[in-house]
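Here is input36.cif, consisting of mmCIF, C-alpha atoms:
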```
data_model
#
loop_
_atom_site.label_atom_id
_atom_site.label_comp_id
_atom_site.auth_asym_id
_atom_site.auth_seq_id
_atom_site.Cartn_x
_atom_site.Cartn_y
_atom_site.Cartn_z
CA MET A 1 8.15 29.38 -2.59
CA VAL A 2 9.52 25.87 -2.09
CA LEU A 3 8.03 22.99 -4.06
CA LEU A 4 8.79 19.32 -3.51
CA SER A 5 7.38 16.20 -5.15
CA ASP A 6 8.19 12.51 -5.12
CA THR A 7 8.16 10.28 -8.21
CA ARG A 8 6.43 7.07 -7.15
CA THR A 9 3.51 5.97 -9.29
CA ASN A 10 1.63 2.76 -8.76
CA ALA A 11 -1.19 0.92 -10.44
CA GLY A 12 -1.82 -1.69 -7.78
CA ILE A 13 1.08 -2.79 -5.62
CA ASP A 14 2.86 -4.83 -8.31
CA ASN A 15 3.06 -2.13 -10.94
CA ILE A 16 5.31 0.57 -9.54
CA ALA A 17 7.05 3.11 -11.71
CA CYS A 18 8.93 6.38 -11.50
CA TYR A 19 7.34 9.45 -13.09
CA LYS A 20 8.09 13.10 -12.59
CA LYS A 21 5.20 14.87 -10.86
CA MET A 22 6.63 18.38 -11.16
CA PHE A 23 6.36 20.52 -14.29
CA THR A 24 7.91 23.95 -14.75
CA PHE A 25 7.01 26.68 -17.22
CA GLU A 26 9.31 29.67 -17.25
CA GLU A 27 10.08 32.87 -19.08
CA PRO A 28 12.78 34.11 -16.70
CA GLY A 29 12.10 37.56 -15.33
CA GLU A 30 8.62 37.57 -16.86
CA ARG A 31 6.77 34.55 -15.53
CA VAL A 32 7.36 31.33 -13.65
CA ILE A 33 4.80 28.56 -13.10
CA VAL A 34 5.38 25.28 -11.26
CA ILE A 35 2.73 22.54 -11.33
CA LEU A 36 2.80 19.55 -8.97
CA THR A 37 0.45 16.64 -9.57
CA ALA A 38 -1.13 13.88 -7.48
CA GLY A 39 -3.56 11.17 -8.45
CA SER A 40 -4.22 9.29 -11.66
CA LEU A 41 -1.27 9.55 -14.04
CA SER A 42 -3.55 9.15 -17.07
CA VAL A 43 -5.29 12.35 -16.02
CA THR A 44 -2.26 14.42 -15.01
CA GLN A 45 -0.12 13.56 -18.08
CA ASN A 46 -3.01 14.45 -20.35
CA VAL A 47 -3.60 17.80 -18.61
CA ILE A 48 0.08 18.76 -18.84
CA ALA A 49 0.20 17.72 -22.51
CA ARG A 50 -2.84 19.87 -23.34
CA LEU A 51 -1.41 22.86 -21.47
CA GLN A 52 1.82 22.52 -23.46
CA GLU A 53 -0.12 22.12 -26.72
CA ASP A 54 -1.96 25.37 -26.06
CA ILE A 55 1.33 27.15 -25.37
CA ASP A 56 2.87 25.84 -28.61
CA ASN A 57 -0.18 26.45 -30.80
CA PRO A 58 -0.09 30.01 -32.22
CA GLU A 59 -3.82 29.80 -32.96
CA VAL A 60 -4.66 29.65 -29.24
CA PRO A 61 -5.07 33.26 -28.06
CA PRO A 62 -2.69 34.37 -25.27
CA GLU A 63 -5.44 34.62 -22.69
CA ARG A 64 -6.21 30.91 -23.25
CA ASN A 65 -2.69 29.60 -22.52
CA ILE A 66 -0.87 29.67 -19.20
CA MET A 67 2.22 31.48 -20.55
CA GLY A 68 0.17 34.23 -22.16
CA THR A 69 -2.68 34.97 -19.82
CA PRO A 70 -2.14 38.12 -17.74
CA SER A 71 -2.74 36.88 -14.17
CA MET A 72 -1.85 33.90 -11.98
CA LEU A 73 -5.54 33.65 -11.12
CA THR A 74 -6.35 32.97 -14.78
CA VAL A 75 -3.49 30.46 -14.89
CA ALA A 76 -5.16 28.56 -12.06
CA GLU A 77 -8.52 28.80 -13.83
CA LEU A 78 -7.12 27.48 -17.11
CA ILE A 79 -5.43 24.56 -15.34
CA GLY A 80 -8.59 23.88 -13.32
CA ASP A 81 -10.68 23.80 -16.53
CA LYS A 82 -8.30 21.39 -18.23
CA LEU A 83 -8.17 19.17 -15.14
CA ALA A 84 -11.96 19.06 -14.82
CA ASN A 85 -12.41 18.29 -18.53
CA VAL A 86 -9.82 15.52 -18.68
CA SER A 87 -11.06 14.01 -15.41
CA SER A 88 -14.63 13.91 -16.63
CA GLU A 89 -13.69 12.44 -20.05
CA ILE A 90 -11.65 9.68 -18.44
CA SER A 91 -14.17 9.06 -15.68
CA ASN A 92 -16.92 8.65 -18.27
CA ARG A 93 -14.94 5.83 -19.83
CA LEU A 94 -14.07 4.27 -16.49
CA SER A 95 -17.56 4.48 -15.03
CA ARG A 96 -18.60 1.73 -17.46
CA MET A 97 -16.18 -0.49 -15.54
CA ASN A 98 -17.23 0.91 -12.14
CA GLN A 99 -13.90 2.63 -11.76
CA SER A 100 -12.92 6.26 -11.40
CA ALA A 101 -9.85 8.43 -11.86
CA GLY A 102 -9.13 11.69 -10.14
CA ALA A 103 -6.20 14.01 -9.74
CA SER A 104 -5.34 17.22 -7.97
CA MET A 105 -2.65 19.80 -8.56
CA ILE A 106 -0.63 22.46 -6.83
CA VAL A 107 0.03 25.52 -8.97
CA ALA A 108 2.67 27.99 -7.81
CA GLY A 109 3.95 30.98 -9.66
CA GLN A 110 4.36 34.65 -10.24
CA ARG A 111 4.22 36.94 -13.23
CA ARG A 112 6.10 40.22 -13.45
CA GLY A 113 4.15 42.94 -11.64
CA GLY A 114 2.08 40.43 -9.70
CA VAL A 115 2.61 38.68 -6.36
CA PRO A 116 3.69 35.06 -5.77
CA ARG A 117 0.61 32.84 -5.59
CA LEU A 118 0.08 29.25 -4.54
CA PHE A 119 -3.09 27.34 -5.46
CA ASN A 120 -4.54 23.93 -4.62
CA ILE A 121 -6.63 22.75 -7.59
CA TYR A 122 -9.24 20.12 -6.78
CA PRO A 123 -10.18 17.24 -9.12
CA GLU A 124 -13.37 19.13 -10.07
CA GLY A 125 -11.34 22.13 -11.25
CA ASN A 126 -12.21 24.57 -8.48
CA PHE A 127 -9.36 25.80 -6.32
CA ILE A 128 -8.25 27.51 -3.14
CA GLU A 129 -5.23 29.69 -2.46
CA ALA A 130 -2.60 29.61 0.29
CA THR A 131 -2.85 32.56 2.69
CA PRO A 132 -0.88 33.89 5.69
CA ASP A 133 -3.10 31.71 7.90
CA THR A 134 -2.32 28.57 5.90
CA PRO A 135 0.95 29.20 4.10
CA PHE A 136 1.50 25.65 2.79
CA ILE A 137 -0.41 23.22 0.60
CA GLN A 138 -0.09 19.45 0.35
CA ILE A 139 -1.72 17.05 -2.10
CA GLY A 140 -1.62 13.27 -2.35
CA GLU A 141 -0.40 11.21 0.60
CA HIS A 142 -0.23 14.20 2.94
CA LYS A 143 -1.06 13.10 6.48
CA TYR A 144 2.26 11.59 7.64
CA GLY A 145 4.16 14.78 6.86
CA LYS A 146 1.62 17.30 8.09
CA PRO A 147 2.43 17.43 11.84
CA LEU A 148 5.90 18.84 11.13
CA LEU A 149 4.60 21.46 8.68
CA ASP A 150 1.84 22.42 11.11
CA ARG A 151 4.47 23.12 13.75
CA VAL A 152 7.21 24.95 11.85
CA VAL A 153 5.86 26.63 8.71
CA THR A 154 4.64 30.22 9.01
CA PRO A 155 4.59 33.14 6.56
CA LYS A 156 7.90 34.25 8.16
CA THR A 157 9.70 30.96 7.42
CA SER A 158 12.82 31.62 5.34
CA LEU A 159 13.37 29.93 1.98
CA ASP A 160 16.10 27.74 3.47
CA ASP A 161 13.97 26.70 6.44
CA GLY A 162 11.12 26.04 4.02
CA ARG A 163 13.42 23.75 2.05
CA LYS A 164 14.38 21.90 5.24
CA ALA A 165 10.72 21.64 6.29
CA VAL A 166 9.47 20.14 3.02
CA LEU A 167 12.36 17.67 2.89
CA LEU A 168 11.84 16.49 6.47
CA SER A 169 8.07 16.32 5.96
CA MET A 170 8.61 14.18 2.85
CA ASP A 171 11.13 12.06 4.77
CA SER A 172 8.48 11.18 7.36
CA THR A 173 6.13 10.16 4.57
CA LEU A 174 8.79 8.12 2.77
CA ARG A 175 9.49 6.16 5.96
CA SER A 176 5.88 5.40 6.76
CA ASN A 177 4.28 4.81 3.36
CA LEU A 178 5.34 2.74 0.37
CA SER A 179 3.23 4.70 -2.11
CA VAL A 180 5.73 7.57 -1.88
CA GLY A 181 9.27 7.04 -3.16
CA MET A 182 12.60 8.57 -4.13
CA PRO A 183 13.91 10.35 -6.13
CA LEU A 184 12.47 13.74 -5.19
CA ASP A 185 12.18 16.89 -7.31
CA LEU A 186 12.85 20.20 -5.58
CA VAL A 187 12.27 23.68 -6.96
CA MET A 188 12.67 27.04 -5.22
CA VAL A 189 11.40 30.41 -6.41
CA ARG A 190 12.34 33.74 -4.81
CA SER A 191 9.76 36.51 -4.57
CA ASP A 192 9.71 38.93 -7.51
CA GLU A 193 12.47 37.20 -9.50
CA CYS A 194 9.86 35.45 -11.68
CA LYS A 195 12.28 32.59 -12.30
CA ILE A 196 13.44 29.37 -10.69
CA CYS A 197 16.39 30.02 -8.37
CA HIS A 198 17.10 26.38 -7.58
CA GLN A 199 16.07 23.11 -9.22
CA SER A 200 17.42 19.69 -8.32
CA ARG A 201 16.62 16.01 -8.35
CA ILE A 202 17.44 14.27 -5.07
CA GLU A 203 18.33 10.63 -5.63
CA ALA A 204 17.90 7.84 -3.05
CA ASP A 205 21.63 7.81 -2.27
CA ASP A 206 22.01 11.59 -1.96
CA PRO A 207 24.44 12.09 0.97
CA ASP A 208 22.99 15.46 2.05
CA PHE A 209 19.43 14.15 2.15
CA ARG A 210 20.59 11.02 3.95
CA ALA A 211 22.43 13.12 6.55
CA MET A 212 19.40 15.37 7.05
CA SER A 213 17.11 12.37 7.40
CA ASP A 214 19.43 10.69 9.91
CA GLY A 215 19.81 13.94 11.82
CA TRP A 216 16.04 14.29 12.05
CA SER A 217 15.62 10.71 13.27
CA LYS A 218 18.25 11.36 15.91
CA ALA A 219 16.60 14.66 16.93
CA LEU A 220 13.25 12.89 17.27
CA ARG A 221 14.71 10.07 19.34
CA ASP A 222 16.73 12.44 21.54
CA GLY A 223 13.70 14.69 22.01
CA PHE A 224 11.60 11.65 22.85
CA ARG A 225 14.14 10.46 25.43
CA ALA A 226 14.45 13.92 26.99
CA ILE A 227 10.74 14.25 27.78
CA MET B 1 0.76 -3.39 26.63
CA VAL B 2 -0.25 0.29 26.40
CA LEU B 3 -3.63 1.21 24.95
CA LEU B 4 -4.78 4.73 24.14
CA SER B 5 -7.96 6.01 22.52
CA ASP B 6 -9.57 9.39 21.93
CA THR B 7 -13.28 10.12 22.41
CA ARG B 8 -14.30 12.23 19.40
CA THR B 9 -17.28 10.97 17.43
CA ASN B 10 -18.78 12.82 14.53
CA ALA B 11 -21.70 12.37 12.18
CA GLY B 12 -20.87 15.07 9.71
CA ILE B 13 -18.96 18.09 10.91
CA ASP B 14 -21.84 19.67 12.80
CA ASN B 15 -22.72 16.71 14.96
CA ILE B 16 -19.76 16.10 17.22
CA ALA B 17 -19.99 14.16 20.44
CA CYS B 18 -17.83 12.51 23.06
CA TYR B 19 -18.01 8.71 23.39
CA LYS B 20 -15.66 6.31 25.05
CA LYS B 21 -13.92 4.06 22.51
CA MET B 22 -12.19 1.82 25.05
CA PHE B 23 -13.87 -1.10 26.81
CA THR B 24 -12.28 -3.26 29.47
CA PHE B 25 -13.23 -6.74 30.64
CA GLU B 26 -11.33 -8.02 33.62
CA GLU B 27 -11.19 -10.86 36.11
CA PRO B 28 -8.00 -9.73 37.88
CA GLY B 29 -5.30 -12.39 37.91
CA GLU B 30 -7.33 -14.59 35.59
CA ARG B 31 -8.03 -12.61 32.45
CA VAL B 32 -7.88 -9.09 31.07
CA ILE B 33 -9.29 -7.92 27.75
CA VAL B 34 -9.20 -4.38 26.37
CA ILE B 35 -11.14 -3.47 23.22
CA LEU B 36 -10.56 -0.22 21.30
CA THR B 37 -12.97 0.80 18.56
CA ALA B 38 -12.87 2.96 15.43
CA GLY B 39 -15.51 3.64 12.83
CA SER B 40 -19.30 3.73 12.94
CA LEU B 41 -20.57 4.14 16.49
CA SER B 42 -23.82 2.33 15.64
CA VAL B 43 -21.74 -0.74 14.83
CA THR B 44 -19.25 -0.60 17.69
CA GLN B 45 -21.80 0.10 20.46
CA ASN B 46 -23.91 -2.80 19.22
CA VAL B 47 -20.94 -5.18 19.18
CA ILE B 48 -19.89 -4.24 22.72
CA ALA B 49 -23.50 -4.61 23.95
CA ARG B 50 -23.80 -8.10 22.43
CA LEU B 51 -20.46 -9.18 23.92
CA GLN B 52 -21.63 -8.01 27.34
CA GLU B 53 -25.00 -9.73 26.88
CA ASP B 54 -23.27 -13.04 26.16
CA ILE B 55 -21.12 -12.64 29.28
CA ASP B 56 -24.17 -11.92 31.45
CA ASN B 57 -26.40 -14.64 29.98
CA PRO B 58 -25.89 -17.97 31.82
CA GLU B 59 -27.39 -19.85 28.88
CA VAL B 60 -24.48 -18.87 26.61
CA PRO B 61 -21.79 -21.57 27.02
CA PRO B 62 -18.40 -20.36 28.30
CA GLU B 63 -16.65 -21.02 24.99
CA ARG B 64 -19.08 -18.59 23.30
CA ASN B 65 -18.36 -15.59 25.55
CA ILE B 66 -15.11 -13.65 25.77
CA MET B 67 -14.73 -14.05 29.56
CA GLY B 68 -15.21 -17.81 29.41
CA THR B 69 -13.44 -18.99 26.28
CA PRO B 70 -10.03 -20.55 26.98
CA SER B 71 -7.72 -18.64 24.62
CA MET B 72 -7.14 -15.05 23.45
CA LEU B 73 -7.31 -16.35 19.88
CA THR B 74 -10.92 -17.43 20.45
CA VAL B 75 -11.62 -14.07 22.08
CA ALA B 76 -10.47 -12.38 18.85
CA GLU B 77 -12.57 -14.80 16.80
CA LEU B 78 -15.71 -14.18 18.87
CA ILE B 79 -15.27 -10.42 18.59
CA GLY B 80 -14.56 -10.71 14.87
CA ASP B 81 -17.74 -12.75 14.36
CA LYS B 82 -19.85 -10.22 16.25
CA LEU B 83 -18.28 -7.32 14.37
CA ALA B 84 -18.88 -8.96 10.98
CA ASN B 85 -22.49 -9.84 11.84
CA VAL B 86 -23.41 -6.40 13.15
CA SER B 87 -21.62 -4.66 10.25
CA SER B 88 -23.45 -6.71 7.69
CA GLU B 89 -26.87 -6.25 9.37
CA ILE B 90 -26.42 -2.48 9.53
CA SER B 91 -24.91 -2.28 6.06
CA ASN B 92 -27.89 -4.16 4.62
CA ARG B 93 -30.17 -1.46 5.99
CA LEU B 94 -27.90 1.35 4.83
CA SER B 95 -27.32 -0.02 1.35
CA ARG B 96 -30.93 0.84 0.54
CA MET B 97 -29.87 4.48 1.06
CA ASN B 98 -26.54 3.99 -0.76
CA GLN B 99 -24.66 4.36 2.51
CA SER B 100 -22.39 2.02 4.41
CA ALA B 101 -21.08 1.61 7.94
CA GLY B 102 -17.87 -0.09 8.97
CA ALA B 103 -15.78 -0.39 12.08
CA SER B 104 -12.54 -1.94 13.19
CA MET B 105 -11.23 -2.91 16.60
CA ILE B 106 -8.06 -3.49 18.53
CA VAL B 107 -8.25 -6.37 20.99
CA ALA B 108 -5.52 -6.69 23.60
CA GLY B 109 -5.37 -9.11 26.45
CA GLN B 110 -3.99 -12.07 28.29
CA ARG B 111 -5.46 -14.98 30.17
CA ARG B 112 -3.66 -16.81 32.98
CA GLY B 113 -1.21 -19.34 31.53
CA GLY B 114 -1.22 -17.65 28.12
CA VAL B 115 0.88 -14.84 26.62
CA PRO B 116 -0.13 -11.20 26.06
CA ARG B 117 -1.70 -10.85 22.61
CA LEU B 118 -2.68 -7.86 20.51
CA PHE B 119 -5.04 -8.15 17.54
CA ASN B 120 -6.27 -5.84 14.81
CA ILE B 121 -9.81 -6.89 13.83
CA TYR B 122 -10.96 -5.77 10.39
CA PRO B 123 -14.54 -4.71 9.55
CA GLU B 124 -15.09 -8.11 7.88
CA GLY B 125 -14.22 -9.94 11.11
CA ASN B 126 -10.85 -11.38 10.07
CA PHE B 127 -7.82 -10.25 12.04
CA ILE B 128 -4.04 -10.01 12.28
CA GLU B 129 -1.79 -10.08 15.32
CA ALA B 130 1.06 -7.80 16.41
CA THR B 131 4.49 -9.47 16.24
CA PRO B 132 8.08 -8.56 17.16
CA ASP B 133 8.46 -7.12 13.63
CA THR B 134 5.38 -4.91 14.04
CA PRO B 135 4.85 -4.43 17.75
CA PHE B 136 2.13 -1.77 17.53
CA ILE B 137 -1.31 -1.48 15.97
CA GLN B 138 -3.30 1.64 15.06
CA ILE B 139 -6.88 1.95 13.85
CA GLY B 140 -8.90 4.96 12.75
CA GLU B 141 -7.13 8.22 11.90
CA HIS B 142 -3.67 6.68 12.14
CA LYS B 143 -1.36 8.38 9.62
CA TYR B 144 -0.43 11.59 11.45
CA GLY B 145 0.86 9.68 14.46
CA LYS B 146 2.60 6.83 12.66
CA PRO B 147 6.02 8.41 11.88
CA LEU B 148 6.81 8.72 15.61
CA LEU B 149 5.74 5.14 16.39
CA ASP B 150 7.70 3.86 13.38
CA ARG B 151 10.82 5.47 14.79
CA VAL B 152 10.67 4.68 18.50
CA VAL B 153 8.54 1.60 19.21
CA THR B 154 10.29 -1.78 19.27
CA PRO B 155 9.61 -5.00 21.19
CA LYS B 156 12.18 -3.76 23.75
CA THR B 157 10.34 -0.48 24.45
CA SER B 158 9.55 -0.20 28.16
CA LEU B 159 5.99 0.25 29.41
CA ASP B 160 6.77 3.87 30.40
CA ASP B 161 8.33 4.68 27.02
CA GLY B 162 5.36 3.01 25.35
CA ARG B 163 3.07 5.31 27.31
CA LYS B 164 5.08 8.33 26.23
CA ALA B 165 5.07 7.14 22.61
CA VAL B 166 1.31 6.64 22.34
CA LEU B 167 0.61 9.98 24.03
CA LEU B 168 2.96 11.91 21.72
CA SER B 169 1.66 10.05 18.67
CA MET B 170 -1.90 10.97 19.65
CA ASP B 171 -0.78 14.54 20.31
CA SER B 172 0.45 14.84 16.70
CA THR B 173 -2.91 13.58 15.49
CA LEU B 174 -4.87 15.90 17.78
CA ARG B 175 -2.98 18.90 16.42
CA SER B 176 -3.43 18.04 12.76
CA ASN B 177 -6.94 16.57 12.58
CA LEU B 178 -10.24 17.74 14.00
CA SER B 179 -11.87 14.29 13.86
CA VAL B 180 -9.74 13.28 16.85
CA GLY B 181 -10.34 14.98 20.20
CA MET B 182 -9.73 15.02 23.95
CA PRO B 183 -10.29 13.55 26.47
CA LEU B 184 -8.15 10.44 26.03
CA ASP B 185 -8.48 7.05 27.70
CA LEU B 186 -5.28 5.27 28.71
CA VAL B 187 -4.86 1.72 29.95
CA MET B 188 -1.67 -0.19 30.72
CA VAL B 189 -1.33 -3.93 31.29
CA ARG B 190 1.85 -5.61 32.57
CA SER B 191 2.84 -9.02 31.25
CA ASP B 192 1.50 -12.00 33.20
CA GLU B 193 -0.43 -9.93 35.75
CA CYS B 194 -3.67 -10.53 33.82
CA LYS B 195 -5.07 -7.27 35.17
CA ILE B 196 -5.04 -3.55 34.39
CA CYS B 197 -2.14 -1.87 36.18
CA HIS B 198 -3.09 1.69 35.21
CA GLN B 199 -6.26 3.27 33.90
CA SER B 200 -6.91 6.97 33.52
CA ARG B 201 -8.87 9.55 31.59
CA ILE B 202 -6.76 12.47 30.38
CA GLU B 203 -8.81 15.66 30.13
CA ALA B 204 -8.07 18.56 27.78
CA ASP B 205 -6.66 20.66 30.63
CA ASP B 206 -4.48 17.89 32.10
CA PRO B 207 -1.25 19.68 33.16
CA ASP B 208 1.01 16.64 32.63
CA PHE B 209 -0.27 15.99 29.13
CA ARG B 210 -0.02 19.70 28.33
CA ALA B 211 3.60 19.76 29.55
CA MET B 212 4.48 16.66 27.55
CA SER B 213 2.85 18.10 24.43
CA ASP B 214 4.64 21.43 24.81
CA GLY B 215 7.93 19.63 25.49
CA TRP B 216 7.50 17.62 22.31
CA SER B 217 6.71 20.72 20.24
CA LYS B 218 9.82 22.36 21.63
CA ALA B 219 11.93 19.26 20.94
CA LEU B 220 10.68 19.16 17.35
CA ARG B 221 11.36 22.86 16.78
CA ASP B 222 14.80 22.68 18.43
CA GLY B 223 15.68 19.57 16.44
CA PHE B 224 14.49 21.27 13.29
CA ARG B 225 16.62 24.34 13.98
CA ALA B 226 19.70 22.24 14.81
CA ILE B 227 19.74 20.42 11.46
#
```
Represent the structure from my file as structure tokens, please.
Amino acid sequence: MVLLSDTRTNAGIDNIACYKKMFTFEEPGERVIVILTAGSLSVTQNVIARLQEDIDNPEVPPERNIMGTPSMLTVAELIGDKLANVSSEISNRLSRMNQSAGASMIVAGQRRGGVPRLFNIYPEGNFIEATPDTPFIQIGEHKYGKPLLDRVVTPKTSLDDGRKAVLLSMDSTLRSNLSVGMPLDLVMVRSDECKICHQSRIEADDPDFRAMSDGWSKALRDGFRAI
Amino acid sequence: MVLLSDTRTNAGIDNIACYKKMFTFEEPGERVIVILTAGSLSVTQNVIARLQEDIDNPEVPPERNIMGTPSMLTVAELIGDKLANVSSEISNRLSRMNQSAGASMIVAGQRRGGVPRLFNIYPEGNFIEATPDTPFIQIGEHKYGKPLLDRVVTPKTSLDDGRKAVLLSMDSTLRSNLSVGMPLDLVMVRSDECKICHQSRIEADDPDFRAMSDGWSKALRDGFRAI
């Protein structure tokens, strides 16, 4: 599995900040969970904090925290519950001011003995899972980068090609929309290792990303000319 | 100028129909106006009907109809006024059912002695104009097709390359979003001719469009592999 997130957060156009939207939970060889977030930061930070609190609190039974519960399905359920609860608490406050706050999450992971699973958790807490028919999930500002993923990502796509695909998809979005911004966070997880095999932060001046982005622009322009 | 629109209209996902979203008004050599619409069909049909009514009604003074008024700026203003009026009438009705209806329009044209102008008319009736910095305008489901336009369209782009660009941009959207559908309507207008130089409807089985679309998919996949 290849996971990529940007770091741009904005409250209106004149309040732009950089926040990590990727959170990893790992017991190498036993269990790996990666959560990506989109939407209201006040919701997503709170959800992640509560998940961490439950992991750290010995009074919470294992089946009620994401590092203890036996299956990835229950992990998704626990995260969905937290997300729905926090969303509804915050929305209750905001509704008095005719405002609302929502968030969605991607949850990817595997526990030893299970299979790798990839979930899209909706603001209401329900979720769907990636399948061979639809092997990728996007949340947030997803439309600009979707045509590329639609064309190249299949269940047979290698980890390296997956990495290239998510980076080029994000590059299209970065170029066309200001609400998405560098740096990027990248994580890769190999099947059955139950640990992160690669984790990096890609800064705006990263020469490899720049070269890939320029190469893609050139490929698009050349392809356009050739038709 | 190159104008392209799809024909998919939907009221919910189980009520899908085909309606033209491009309307041309022409007095060859004197004046050409092309209007593209997006949004609520009940609004856009009504606006087009009222514009036509004003053209046909001899009691409406020339400066109050789009084929008589002296400048393209006034054409945009007249269309903006009609759009705002119809939107607000229909929205007043719908607000009783907690619903709303909006629409936006692209207006392109030239009158003899003037320059070619391209406007984006907002649902409220105000508008902006394309400039050398931003030489293209999209309305409706625009995000999927924007990365290509961002990369290849400049004020120097030829009419033929413009045609290729809008078709490939629409192709990306067609592949990624069901709310956009064939057939497509294409119109091209050369500077200072004040008439339509090409008009065609591109059906789903059009061999040229199919070849272009396949060529673009291949170019994208080859470019992706080469990086």
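Near Gly12 in chain A, within 12 Å and counting only C-alpha atoms, sit A:Thr9, A:Asn10, A:Asp14, A:Asn15, A:Ile16, A:Ala17, A:Ser40, A:Leu178, A:Ser179; same-chain residues fewer than 2 positions away were not included.
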Open item on the list: Selection in question (the file shown): the PyMOL selection byres ((chain B) within 7 of (chain A)). Which residues does it include, as a VMD selection string?
Closed with: chain B and resid 143 to 144 146 to 147 152 172 176 212 215 to 216 219 to 221 223 227
Open item on the list: Please compute the CA of Pro28 in chain B-CA of Met72 in chain B distance, one decimal, in Å.
Closed with: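 Going from CA of Pro28 in chain B over to CA of Met72 in chain B covers 15.4 Å.
Taking CA of Ser88 in chain A and CA of Lys20 in chain A as endpoints, the distance between them is 23.1 Å.
Here CA of Pro70 in chain A is placed at a distance of 10.8 Å from CA of Glu30 in chain A.
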Open item on the list: If we draw a sphere of 12 Å around (-5.3, 29.4, 0.8), which residues have at least one atom in it when counting only C-alpha atoms? Please report them as a count of residues only.
Closed with: 20
Run the PyMOL selection byres ((chain A and resi 45) around 12) against the file shown and list the residues it catches, as a PDB file with C-alpha atoms, keeping the file's coordinate frame.
```pdb
ATOM      1  CA  TYR A  19       7.340   9.450 -13.090  1.00  0.00           C
ATOM      2  CA  LYS A  20       8.090  13.100 -12.590  1.00  0.00           C
ATOM      3  CA  LYS A  21       5.200  14.870 -10.860  1.00  0.00           C
ATOM      4  CA  MET A  22       6.630  18.380 -11.160  1.00  0.00           C
ATOM      5  CA  PHE A  23       6.360  20.520 -14.290  1.00  0.00           C
ATOM      6  CA  ILE A  35       2.730  22.540 -11.330  1.00  0.00           C
ATOM      7  CA  LEU A  36       2.800  19.550  -8.970  1.00  0.00           C
ATOM      8  CA  THR A  37       0.450  16.640  -9.570  1.00  0.00           C
ATOM      9  CA  ALA A  38      -1.130  13.880  -7.480  1.00  0.00           C
ATOM     10  CA  GLY A  39      -3.560  11.170  -8.450  1.00  0.00           C
ATOM     11  CA  SER A  40      -4.220   9.290 -11.660  1.00  0.00           C
ATOM     12  CA  LEU A  41      -1.270   9.550 -14.040  1.00  0.00           C
ATOM     13  CA  SER A  42      -3.550   9.150 -17.070  1.00  0.00           C
ATOM     14  CA  VAL A  43      -5.290  12.350 -16.020  1.00  0.00           C
ATOM     15  CA  THR A  44      -2.260  14.420 -15.010  1.00  0.00           C
ATOM     16  CA  ASN A  46      -3.010  14.450 -20.350  1.00  0.00           C
ATOM     17  CA  VAL A  47      -3.600  17.800 -18.610  1.00  0.00           C
ATOM     18  CA  ILE A  48       0.080  18.760 -18.840  1.00  0.00           C
ATOM     19  CA  ALA A  49       0.200  17.720 -22.510  1.00  0.00           C
ATOM     20  CA  ARG A  50      -2.840  19.870 -23.340  1.00  0.00           C
ATOM     21  CA  LEU A  51      -1.410  22.860 -21.470  1.00  0.00           C
ATOM     22  CA  GLN A  52       1.820  22.520 -23.460  1.00  0.00           C
ATOM     23  CA  LYS A  82      -8.300  21.390 -18.230  1.00  0.00           C
ATOM     24  CA  LEU A  83      -8.170  19.170 -15.140  1.00  0.00           C
ATOM     25  CA  VAL A  86      -9.820  15.520 -18.680  1.00  0.00           C
ATOM     26  CA  SER A  87     -11.060  14.010 -15.410  1.00  0.00           C
ATOM     27  CA  ALA A 103      -6.200  14.010  -9.740  1.00  0.00           C
ATOM     28  CA  SER A 104      -5.340  17.220  -7.970  1.00  0.00           C
ATOM     29  CA  MET A 105      -2.650  19.800  -8.560  1.00  0.00           C
TER      30      MET A 105
END
```
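The neighbours of Val2 in chain A here are the residues that come within 8 Å of it, using all atoms listed in the file and leaving out any residue fewer than 6 positions away in the same chain; they are Leu159, Gly162, Arg163, Val166, Leu186, Val187, Met188 and Val189 of chain A.
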- [ ] Can you give me, as a list of chain:residue names, the residues this file yields under the PyMOL selection byres ((chain A and resi 202) around 12)?
- [x]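 When the PyMOL selection byres ((chain A and resi 202) around 12) is applied, the selected residues are A:Leu4, A:Ser5, A:Asp6, A:Thr7, A:Leu167, A:Met170, A:Asp171, A:Gly181, A:Met182, A:Pro183, A:Leu184, A:Asp185, A:Leu186, A:Val187, A:Gln199, A:Ser200, A:Arg201, A:Glu203, A:Ala204, A:Asp205, A:Asp206, A:Pro207, A:Asp208, A:Phe209, A:Arg210.
Each of B:Asp81, B:Gln110, B:Ile55, B:Gly140 was checked against Val180 in chain B using only C-alpha atoms; the smallest atom-to-atom distance is that of B:Gly140.
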TODO: Find the residues around Ser91 in chain B up to 9 Å (all atoms listed in the file counted), leave out those fewer than 4 positions away in its own chain, and share them as a PyMOL selection string.
DONE: chain B and resi 86-87+95-96+99-102
Centre and edge lengths of an axis-aligned box around all listed atoms of range 45-55 of chain B, with 8 Å added on each side, are to be given in Å to one decimal, as JSON.
```
{"center_x": -22.4, "center_y": -6.5, "center_z": 24.2, "size_x": 21.1, "size_y": 29.1, "size_z": 26.1}
```
